[in-house]
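This is model_0.pdb. It holds PDB, C-alpha atoms and all ligand atoms.
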```pdb
ATOM      1  CA  MET A   1      94.895  87.441  90.236
ATOM      2  CA  SER A   2      95.339  86.498  86.643
ATOM      3  CA  ALA A   3      97.422  83.481  85.742
ATOM      4  CA  GLU A   4      98.315  84.598  82.211
ATOM      5  CA  SER A   5      99.785  87.928  83.342
ATOM      6  CA  GLY A   6     102.483  85.981  85.183
ATOM      7  CA  THR A   7     102.113  88.095  88.316
ATOM      8  CA  THR A   8      99.591  88.370  91.116
ATOM      9  CA  CYS A   9     100.522  91.935  92.027
ATOM     10  CA  LYS A  10      97.885  94.440  90.976
ATOM     11  CA  VAL A  11     100.314  97.379  90.963
ATOM     12  CA  ASP A  12     102.516  95.567  88.424
ATOM     13  CA  ARG A  13      99.568  94.593  86.235
ATOM     14  CA  VAL A  14      98.014  98.051  86.196
ATOM     15  CA  ALA A  15     101.382  99.783  85.680
ATOM     16  CA  LYS A  16     101.982  97.565  82.661
ATOM     17  CA  LYS A  17      98.489  98.059  81.289
ATOM     18  CA  ARG A  18      98.704 101.859  81.679
ATOM     19  CA  GLY A  19     102.301 102.145  80.521
ATOM     20  CA  LEU A  20     103.572 103.568  83.815
ATOM     21  CA  THR A  21     107.229 102.755  83.283
ATOM     22  CA  GLU A  22     108.556 105.212  85.877
ATOM     23  CA  LEU A  23     106.180 104.139  88.629
ATOM     24  CA  ASP A  24     108.530 101.840  90.568
ATOM     25  CA  ASP A  25     111.359 104.383  90.570
ATOM     26  CA  GLU A  26     108.982 107.103  91.709
ATOM     27  CA  LEU A  27     107.533 104.914  94.487
ATOM     28  CA  ARG A  28     111.032 104.104  95.776
ATOM     29  CA  LYS A  29     112.055 107.746  95.678
ATOM     30  CA  ARG A  30     108.888 109.054  97.295
ATOM     31  CA  TRP A  31     108.972 106.409 100.034
ATOM     32  CA  ALA A  32     112.600 107.334 100.772
ATOM     33  CA  ASP A  33     111.542 110.997 100.919
ATOM     34  CA  GLY A  34     109.063 110.209 103.687
ATOM     35  CA  ASP A  35     105.776 109.877 101.810
ATOM     36  CA  SER A  36     103.245 107.726 103.648
ATOM     37  CA  LEU A  37     101.557 104.679 102.125
ATOM     38  CA  ARG A  38      98.416 106.814 101.745
ATOM     39  CA  ASP A  39     100.452 109.397  99.814
ATOM     40  CA  LEU A  40     101.787 106.644  97.559
ATOM     41  CA  GLU A  41      98.301 105.221  97.075
ATOM     42  CA  ARG A  42      97.150 108.630  95.844
ATOM     43  CA  TYR A  43     100.254 109.005  93.677
ATOM     44  CA  CYS A  44      99.634 105.612  92.007
ATOM     45  CA  ASN A  45      95.976 106.283  91.372
ATOM     46  CA  GLU A  46      96.535 109.800  90.046
ATOM     47  CA  SER A  47      99.174 108.363  87.697
ATOM     48  CA  ILE A  48      96.723 105.697  86.508
ATOM     49  CA  LEU A  49      94.051 108.326  85.931
ATOM     50  CA  ARG A  50      96.470 110.735  84.210
ATOM     51  CA  SER A  51      97.717 108.053  81.855
ATOM     52  CA  ALA A  52      94.162 107.042  80.923
ATOM     53  CA  MET A  53      93.166 110.684  80.385
ATOM     54  CA  HIS A  54      96.265 111.311  78.311
ATOM     55  CA  ALA A  55      95.557 108.240  76.159
ATOM     56  CA  ALA A  56      92.019 109.547  75.614
ATOM     57  CA  GLY A  57      93.368 112.914  74.472
ATOM     58  CA  MET A  58      92.195 114.816  77.555
ATOM     59  CA  ASN A  59      94.073 117.753  79.026
ATOM     60  CA  THR A  60      96.212 116.529  81.907
ATOM     61  CA  LEU A  61      97.955 119.826  82.676
ATOM     62  CA  ASP A  62      97.246 121.985  85.717
ATOM     63  CA  GLY A  63      96.622 119.082  88.064
ATOM     64  CA  GLU A  64      93.536 117.921  86.172
ATOM     65  CA  ALA A  65      94.139 114.272  87.073
ATOM     66  CA  ALA A  66      94.658 115.104  90.738
ATOM     67  CA  ASN A  67      91.517 117.199  90.701
ATOM     68  CA  LEU A  68      89.410 114.460  89.080
ATOM     69  CA  TYR A  69      90.824 111.865  91.448
ATOM     70  CA  ARG A  70      89.806 114.040  94.374
ATOM     71  CA  LEU A  71      86.283 114.408  92.946
ATOM     72  CA  PHE A  72      86.098 110.608  92.693
ATOM     73  CA  THR A  73      87.373 109.649  96.086
ATOM     74  CA  ASP A  74      87.113 112.526  98.563
ATOM     75  CA  ASP A  75      84.327 112.013 101.112
ATOM     76  CA  ASP A  76      83.732 115.776 101.204
ATOM     77  CA  VAL A  77      82.756 115.896  97.536
ATOM     78  CA  GLY A  78      79.016 116.008  96.931
ATOM     79  CA  PRO A  79      77.313 113.409  94.703
ATOM     80  CA  SER A  80      76.502 115.894  91.926
ATOM     81  CA  LYS A  81      80.146 116.922  91.504
ATOM     82  CA  ARG A  82      81.147 113.272  91.466
ATOM     83  CA  ILE A  83      78.613 112.538  88.728
ATOM     84  CA  ASP A  84      79.882 115.545  86.725
ATOM     85  CA  ALA A  85      83.410 114.153  86.950
ATOM     86  CA  LYS A  86      82.207 110.768  85.679
ATOM     87  CA  PHE A  87      80.375 112.406  82.779
ATOM     88  CA  ARG A  88      83.540 114.250  81.804
ATOM     89  CA  LEU A  89      85.395 110.952  81.542
ATOM     90  CA  GLN A  90      82.544 109.269  79.688
ATOM     91  CA  ARG A  91      82.349 112.120  77.146
ATOM     92  CA  ASN A  92      85.992 111.358  76.360
ATOM     93  CA  GLY A  93      85.339 107.670  75.920
ATOM     94  CA  LEU A  94      86.629 106.548  79.317
ATOM     95  CA  ASP A  95      84.677 104.183  81.530
ATOM     96  CA  PRO A  96      84.795 105.424  85.147
ATOM     97  CA  GLU A  97      84.050 101.947  86.526
ATOM     98  CA  THR A  98      86.959 100.365  84.646
ATOM     99  CA  LEU A  99      89.223 103.144  85.870
ATOM    100  CA  ALA A 100      88.070 102.770  89.459
ATOM    101  CA  GLY A 101      88.703  99.031  89.120
ATOM    102  CA  ASP A 102      92.335  99.811  88.288
ATOM    103  CA  PHE A 103      92.842 101.970  91.382
ATOM    104  CA  VAL A 104      94.985 100.380  94.062
ATOM    105  CA  SER A 105      94.655 100.503  97.844
ATOM    106  CA  TYR A 106      97.467 101.496 100.172
ATOM    107  CA  GLN A 107      97.618  97.864 101.365
ATOM    108  CA  THR A 108      98.275  96.784  97.785
ATOM    109  CA  VAL A 109     100.961  99.457  97.496
ATOM    110  CA  ARG A 110     102.549  98.185 100.718
ATOM    111  CA  THR A 111     102.630  94.604  99.398
ATOM    112  CA  HIS A 112     104.125  95.833  96.140
ATOM    113  CA  LEU A 113     106.863  97.755  98.007
ATOM    114  CA  ASN A 114     107.615  94.797 100.284
ATOM    115  CA  ASP A 115     107.424  91.900  97.843
ATOM    116  CA  CYS A 116     108.241  93.353  94.423
ATOM    117  CA  LEU A 117     110.560  96.269  95.218
ATOM    118  CA  ASP A 118     112.114  94.779  98.339
ATOM    119  CA  VAL A 119     111.430  97.997 100.245
ATOM    120  CA  THR A 120     110.579  97.501 103.888
ATOM    121  CA  THR A 121     107.642  99.559 105.145
ATOM    122  CA  ALA A 122     108.020  98.761 108.830
ATOM    123  CA  ARG A 123     107.885 102.448 109.777
ATOM    124  CA  ASP A 124     104.234 102.243 108.839
ATOM    125  CA  SER A 125     103.638 100.699 112.272
ATOM    126  CA  THR A 126     104.976 103.740 114.165
ATOM    127  CA  LEU A 127     102.251 105.949 115.543
ATOM    128  CA  SER A 128     102.514 109.559 114.407
ATOM    129  CA  VAL A 129     101.673 112.354 116.864
ATOM    130  CA  ASP A 130      99.076 113.675 114.435
ATOM    131  CA  SER A 131      97.256 110.393 114.155
ATOM    132  CA  ALA A 132      97.451 109.891 117.944
ATOM    133  CA  ARG A 133      95.883 113.334 118.446
ATOM    134  CA  THR A 134      93.142 112.592 115.922
ATOM    135  CA  THR A 135      92.292 109.224 117.511
ATOM    136  CA  VAL A 136      91.956 110.655 121.003
ATOM    137  CA  LEU A 137      90.145 113.857 119.976
ATOM    138  CA  LYS A 138      87.592 111.807 118.051
ATOM    139  CA  LEU A 139      86.974 109.810 121.210
ATOM    140  CA  VAL A 140      86.562 113.018 123.251
ATOM    141  CA  SER A 141      84.123 114.463 120.760
ATOM    142  CA  ARG A 142      82.171 111.190 120.684
ATOM    143  CA  THR A 143      81.972 111.164 124.473
ATOM    144  CA  GLU A 144      80.670 114.751 124.431
ATOM    145  CA  SER A 145      78.047 113.923 121.867
ATOM    146  CA  VAL A 146      76.853 110.751 123.652
ATOM    147  CA  THR A 147      76.660 112.720 126.911
ATOM    148  CA  ASN A 148      74.632 115.431 125.175
ATOM    149  CA  GLN A 149      72.195 112.883 123.757
ATOM    150  CA  THR A 150      71.883 111.204 127.147
ATOM    151  CA  ILE A 151      71.108 114.511 128.866
ATOM    152  CA  THR A 152      68.543 115.323 126.196
ATOM    153  CA  ARG A 153      66.851 111.953 126.746
ATOM    154  CA  LEU A 154      66.808 112.387 130.523
ATOM    155  CA  ALA A 155      65.417 115.903 130.103
ATOM    156  CA  GLY A 156      62.832 114.613 127.649
ATOM    157  CA  GLN A 157      61.460 112.081 130.128
ATOM    158  CA  GLY A 158      61.503 114.657 132.945
ATOM    159  CA  SER A 159      64.317 113.075 134.995
ATOM    160  CA  LEU A 160      66.497 116.166 134.617
ATOM    161  CA  THR A 161      65.868 119.855 134.151
ATOM    162  CA  ILE A 162      68.423 122.081 132.489
ATOM    163  CA  PRO A 163      67.388 124.749 129.997
ATOM    164  CA  SER A 164      70.425 124.709 127.703
ATOM    165  CA  PRO A 165      73.061 122.058 128.437
ATOM    166  CA  SER A 166      76.527 122.307 126.894
ATOM    167  CA  VAL A 167      78.907 119.407 127.480
ATOM    168  CA  THR A 168      82.674 119.844 127.380
ATOM    169  CA  LEU A 169      85.064 117.060 128.215
ATOM    170  CA  SER A 170      88.459 118.302 129.248
ATOM    171  CA  LEU A 171      91.150 115.679 129.025
ATOM    172  CA  ARG A 172      94.142 116.224 131.262
ATOM    173  CA  VAL A 173      97.348 114.277 131.825
ATOM    174  CA  ALA A 174      99.377 114.587 135.036
ATOM    175  CA  CYS A 175     102.940 113.477 135.677
ATOM    176  CA  SER A 176     103.115 111.629 138.983
ATOM    177  CA  GLU A 177     106.846 112.296 139.112
ATOM    178  CA  CYS A 178     106.561 116.090 139.508
ATOM    179  CA  GLY A 179     102.824 116.699 139.776
ATOM    180  CA  ASP A 180     102.616 118.930 136.679
ATOM    181  CA  GLU A 181      99.431 118.658 134.692
ATOM    182  CA  TYR A 182      98.712 119.303 131.021
ATOM    183  CA  THR A 183      95.866 119.219 128.605
ATOM    184  CA  PHE A 184      96.283 116.232 126.301
ATOM    185  CA  THR A 185      96.930 118.375 123.221
ATOM    186  CA  GLY A 186      99.233 120.692 125.200
ATOM    187  CA  LEU A 187     101.345 117.750 126.268
ATOM    188  CA  LEU A 188     101.639 116.507 122.683
ATOM    189  CA  GLU A 189     102.653 119.995 121.564
ATOM    190  CA  ARG A 190     105.400 120.433 124.135
ATOM    191  CA  GLY A 191     106.583 116.849 123.612
ATOM    192  CA  GLY A 192     107.113 115.935 127.269
ATOM    193  CA  CYS A 193     106.802 116.937 130.895
ATOM    194  CA  SER A 194     108.669 120.000 132.193
ATOM    195  CA  CYS A 195     110.537 117.784 134.684
ATOM    196  CA  GLN A 196     112.183 116.055 131.685
ATOM    197  CA  ASN A 197     113.275 119.257 129.940
ATOM    198  CA  ASP A 198     116.963 119.479 130.770
ATOM    199  CA  ALA A 199     117.511 115.761 131.334
ATOM    200  CA  ASP A 200     118.652 115.227 127.740
ATOM    201  CA  GLY A 201     119.780 111.715 128.555
ATOM    202  CA  VAL A 202     122.507 112.900 130.973
ATOM    203  CA  ASP A 203     122.274 112.019 134.670
ATOM    204  CA  PRO A 204     123.063 114.865 137.060
TER     205      PRO A 204
HETATM  206 ZN    ZN B   1     104.194  94.407  92.620
HETATM  207 ZN    ZN B   2     106.951 115.599 135.357
END
```
In C-alpha cells, how does this file's structure come out?
Amino acid sequence: MSAESGTTCKVDRVAKKRGLTELDDELRKRWADGDSLRDLERYCNESILRSAMHAAGMNTLDGEAANLYRLFTDDDVGPSKRIDAKFRLQRNGLDPETLAGDFVSYQTVRTHLNDCLDVTTARDSTLSVDSARTTVLKLVSRTESVTNQTITRLAGQGSLTIPSPSVTLSLRVACSECGDEYTFTGLLERGGCSCQNDADGVDP
C-alpha cells in the first residue's frame, strides 16, 4: 500500500508500472469467458513477466513467458530448473526477486475485479465437480495411507501378522429412495441417481 501511488490495489500499481494497458479489458473478457480466478492470476503474472522480459530485450515468442512462469511457480519443477530460470533472467539484467514481488495472488485479482472493475466474482463460491472429486479422493488416499502405516506399526510390534498388506478404501453412496448404490466417482460421472433419470422436473 503506497500512499503516493494514489491506489491501494496491487494489480493497478503493477499494471501501471509494467505498462499493461490492456490488462483490465482482458481480465473482464476472460472472466466473462469462464476463466477461473486461478486462470486470471496466471494470466496477470505471465503478462507481468512477459512485459519485463520484453523490456529487457528477451525473446517472448513461443510461450517463453508462460514457460518461465511455470518454472518459477510450479511445485513439480525441480530446484535446479528453477535456478536455471532465475539465471536466465539475471543474465538479461532482470532481478527475479523484484519480479516475484510484482506477482499477484488470485485473492488480489478477485479484489481488483470486485472493487476496481465492478465485476462480481460470486460464482467463485460454487463448488465444481472436479474440485469436489479431488477433495474427497485426497481424503480417501490419506485414509488408505494412514491405515497402511497403522498396520505396519502393529505388525512391527508383533500385534498383527500379515505378510504383504494392501489397503483399499472403497467409497460408495447409496440412494435410500430406490436402494441403488454407486461408487463416489461413478455417481459424480453420471450426475445423479437412476431413479431421477426421467423425472426432468415433471411430476408423473
Ligand atoms: Zn485494482
Ligand atoms: Zn435413487
(Q) Just checking: using all atoms listed in the file, which residue out of A:Glu181, A:Asp115, A:Glu189, A:Asp75 ends up closest to ligand ZN 2 (chain B)? (A) A:Glu181
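Here the question is which of A:Val173, A:Leu187, A:Ile151, A:Ala15 gets nearest to A:Glu46 using only C-alpha atoms, and that residue is A:Ala15.
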Q) Neighbours of ligand ZN 2 (chain B) within 6 Å, counting only C-alpha atoms and all ligand atoms, as a PyMOL selection string? A) chain A and resi 175+177-178+180+193-195
Just the residues within 9 Å of stretch 100-114 of chain A, please, counting all atoms listed in the file, with nothing from its chain fewer than 5 positions along; format it as a PDB file with C-alpha atoms, in the coordinates of the input.
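Once written, around_5.pdb looks like this:
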```pdb
ATOM      1  CA  CYS A   9     100.522  91.935  92.027  1.00  0.00           C
ATOM      2  CA  LYS A  10      97.885  94.440  90.976  1.00  0.00           C
ATOM      3  CA  VAL A  11     100.314  97.379  90.963  1.00  0.00           C
ATOM      4  CA  ASP A  12     102.516  95.567  88.424  1.00  0.00           C
ATOM      5  CA  VAL A  14      98.014  98.051  86.196  1.00  0.00           C
ATOM      6  CA  ASP A  24     108.530 101.840  90.568  1.00  0.00           C
ATOM      7  CA  LEU A  27     107.533 104.914  94.487  1.00  0.00           C
ATOM      8  CA  ARG A  28     111.032 104.104  95.776  1.00  0.00           C
ATOM      9  CA  LEU A  37     101.557 104.679 102.125  1.00  0.00           C
ATOM     10  CA  ARG A  38      98.416 106.814 101.745  1.00  0.00           C
ATOM     11  CA  ASP A  39     100.452 109.397  99.814  1.00  0.00           C
ATOM     12  CA  LEU A  40     101.787 106.644  97.559  1.00  0.00           C
ATOM     13  CA  GLU A  41      98.301 105.221  97.075  1.00  0.00           C
ATOM     14  CA  ARG A  42      97.150 108.630  95.844  1.00  0.00           C
ATOM     15  CA  CYS A  44      99.634 105.612  92.007  1.00  0.00           C
ATOM     16  CA  ASN A  45      95.976 106.283  91.372  1.00  0.00           C
ATOM     17  CA  GLU A  46      96.535 109.800  90.046  1.00  0.00           C
ATOM     18  CA  ILE A  48      96.723 105.697  86.508  1.00  0.00           C
ATOM     19  CA  LEU A  49      94.051 108.326  85.931  1.00  0.00           C
ATOM     20  CA  PHE A  72      86.098 110.608  92.693  1.00  0.00           C
ATOM     21  CA  ASP A  95      84.677 104.183  81.530  1.00  0.00           C
ATOM     22  CA  VAL A 119     111.430  97.997 100.245  1.00  0.00           C
ATOM     23  CA  THR A 120     110.579  97.501 103.888  1.00  0.00           C
ATOM     24  CA  THR A 121     107.642  99.559 105.145  1.00  0.00           C
TER      25      THR A 121
END
```
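The interatomic distance for the pair atom CA of A:Glu144 and atom CA of A:Gly78 works out to 27.6 Å.
Atom CA of A:Gly191 lies 16.1 Å from atom CA of A:Thr134.
In this structure, atom CA of A:Val167 sits 14.0 Å away from atom CA of A:Leu139.
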**Q.** Shell of 12 Å around A:Asp130, only C-alpha atoms, local chain residues under 4 positions omitted, as an NGL selection string
**A.** :A and (126 or 134-137 or 185 or 188-189)
Q: Would you mind listing what lies within 12 Å of A:Gly63 as a list in words, with all atoms listed in the file counted and same-chain residues fewer than 2 positions away left out?
A: Glu46, Ser47, Leu49, Arg50, Met53, Asn59, Thr60, Leu61, Ala65, Ala66, Asn67, Leu68, Tyr69 and Arg70 of chain A
Mind writing the picked residues with C-alpha atoms as an mmCIF file, in the coordinates of the input?
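Just written: out-v5.cif:
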```cif
data_model
loop_
_atom_site.group_PDB
_atom_site.id
_atom_site.type_symbol
_atom_site.label_atom_id
_atom_site.label_comp_id
_atom_site.auth_asym_id
_atom_site.auth_seq_id
_atom_site.Cartn_x
_atom_site.Cartn_y
_atom_site.Cartn_z
ATOM 1 C CA GLU A 46 96.535 109.800 90.046
ATOM 2 C CA SER A 47 99.174 108.363 87.697
ATOM 3 C CA LEU A 49 94.051 108.326 85.931
ATOM 4 C CA ARG A 50 96.470 110.735 84.210
ATOM 5 C CA MET A 53 93.166 110.684 80.385
ATOM 6 C CA ASN A 59 94.073 117.753 79.026
ATOM 7 C CA THR A 60 96.212 116.529 81.907
ATOM 8 C CA LEU A 61 97.955 119.826 82.676
ATOM 9 C CA ALA A 65 94.139 114.272 87.073
ATOM 10 C CA ALA A 66 94.658 115.104 90.738
ATOM 11 C CA ASN A 67 91.517 117.199 90.701
ATOM 12 C CA LEU A 68 89.410 114.460 89.080
ATOM 13 C CA TYR A 69 90.824 111.865 91.448
ATOM 14 C CA ARG A 70 89.806 114.040 94.374
#
```
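Candidate residues A:Asp74, A:Pro165, A:Glu26, A:Cys116 were compared for distance to ligand ZN 1 (chain B), and the nearest is A:Cys116, using all atoms listed in the file.
Checking A:Leu94, A:Leu127, A:Leu117, A:Leu154 one by one against ligand ZN 1 (chain B), counting only C-alpha atoms and all ligand atoms, you find the shortest gap at A:Leu117.
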Generate the missing atoms of stretch 90-116 of chain A up to N, CA and C atoms and report them as a compact mmCIF listing (two decimals), in the frame of the given file.
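Wrote it out as out.txt, contents follow:
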```txt
# COMPACT_ATOMS: atom_id res chain seq x y z
N GLN A 90 83.35 110.01 80.67
CA GLN A 90 82.54 109.27 79.69
C GLN A 90 82.49 109.99 78.34
N ARG A 91 82.36 111.33 78.40
CA ARG A 91 82.35 112.12 77.15
C ARG A 91 83.62 111.90 76.34
N ASN A 92 84.72 111.58 77.04
CA ASN A 92 85.99 111.36 76.36
C ASN A 92 86.26 109.88 76.11
N GLY A 93 85.23 109.08 76.25
CA GLY A 93 85.34 107.67 75.92
C GLY A 93 85.97 106.81 77.00
N LEU A 94 86.05 107.35 78.23
CA LEU A 94 86.63 106.55 79.32
C LEU A 94 85.51 106.01 80.20
N ASP A 95 85.68 104.78 80.65
CA ASP A 95 84.68 104.18 81.53
C ASP A 95 85.11 104.34 82.99
N PRO A 96 84.40 105.16 83.76
CA PRO A 96 84.80 105.42 85.15
C PRO A 96 84.91 104.15 85.99
N GLU A 97 84.02 103.17 85.72
CA GLU A 97 84.05 101.95 86.53
C GLU A 97 85.33 101.15 86.27
N THR A 98 85.72 101.06 84.99
CA THR A 98 86.96 100.36 84.65
C THR A 98 88.15 101.05 85.31
N LEU A 99 88.14 102.38 85.25
CA LEU A 99 89.22 103.14 85.87
C LEU A 99 89.28 102.89 87.37
N ALA A 100 88.12 102.98 88.01
CA ALA A 100 88.07 102.77 89.46
C ALA A 100 88.55 101.36 89.80
N GLY A 101 88.27 100.41 88.90
CA GLY A 101 88.70 99.03 89.12
C GLY A 101 90.22 98.89 89.05
N ASP A 102 90.88 99.83 88.38
CA ASP A 102 92.34 99.81 88.29
C ASP A 102 93.00 100.50 89.48
N PHE A 103 92.24 101.28 90.24
CA PHE A 103 92.84 101.97 91.38
C PHE A 103 93.32 100.95 92.41
N VAL A 104 94.42 101.30 93.07
CA VAL A 104 94.98 100.38 94.06
C VAL A 104 94.81 100.95 95.46
N SER A 105 94.77 100.07 96.46
CA SER A 105 94.66 100.50 97.84
C SER A 105 96.06 100.66 98.44
N TYR A 106 96.14 101.32 99.58
CA TYR A 106 97.47 101.50 100.17
C TYR A 106 98.02 100.15 100.66
N GLN A 107 97.13 99.20 100.98
CA GLN A 107 97.62 97.86 101.36
C GLN A 107 98.30 97.18 100.18
N THR A 108 97.69 97.35 98.99
CA THR A 108 98.28 96.78 97.78
C THR A 108 99.62 97.43 97.50
N VAL A 109 99.69 98.75 97.70
CA VAL A 109 100.96 99.46 97.50
C VAL A 109 102.02 98.93 98.47
N ARG A 110 101.61 98.70 99.72
CA ARG A 110 102.55 98.18 100.72
C ARG A 110 103.09 96.82 100.29
N THR A 111 102.20 95.93 99.85
CA THR A 111 102.63 94.60 99.40
C THR A 111 103.58 94.72 98.22
N HIS A 112 103.27 95.62 97.30
CA HIS A 112 104.12 95.83 96.14
C HIS A 112 105.52 96.31 96.58
N LEU A 113 105.57 97.26 97.50
CA LEU A 113 106.86 97.76 98.01
C LEU A 113 107.64 96.62 98.68
N ASN A 114 106.96 95.87 99.53
CA ASN A 114 107.62 94.80 100.28
C ASN A 114 108.08 93.66 99.37
N ASP A 115 107.15 93.15 98.56
CA ASP A 115 107.42 91.90 97.84
C ASP A 115 108.08 92.11 96.48
N CYS A 116 107.72 93.18 95.78
CA CYS A 116 108.24 93.35 94.42
C CYS A 116 109.46 94.27 94.41
```
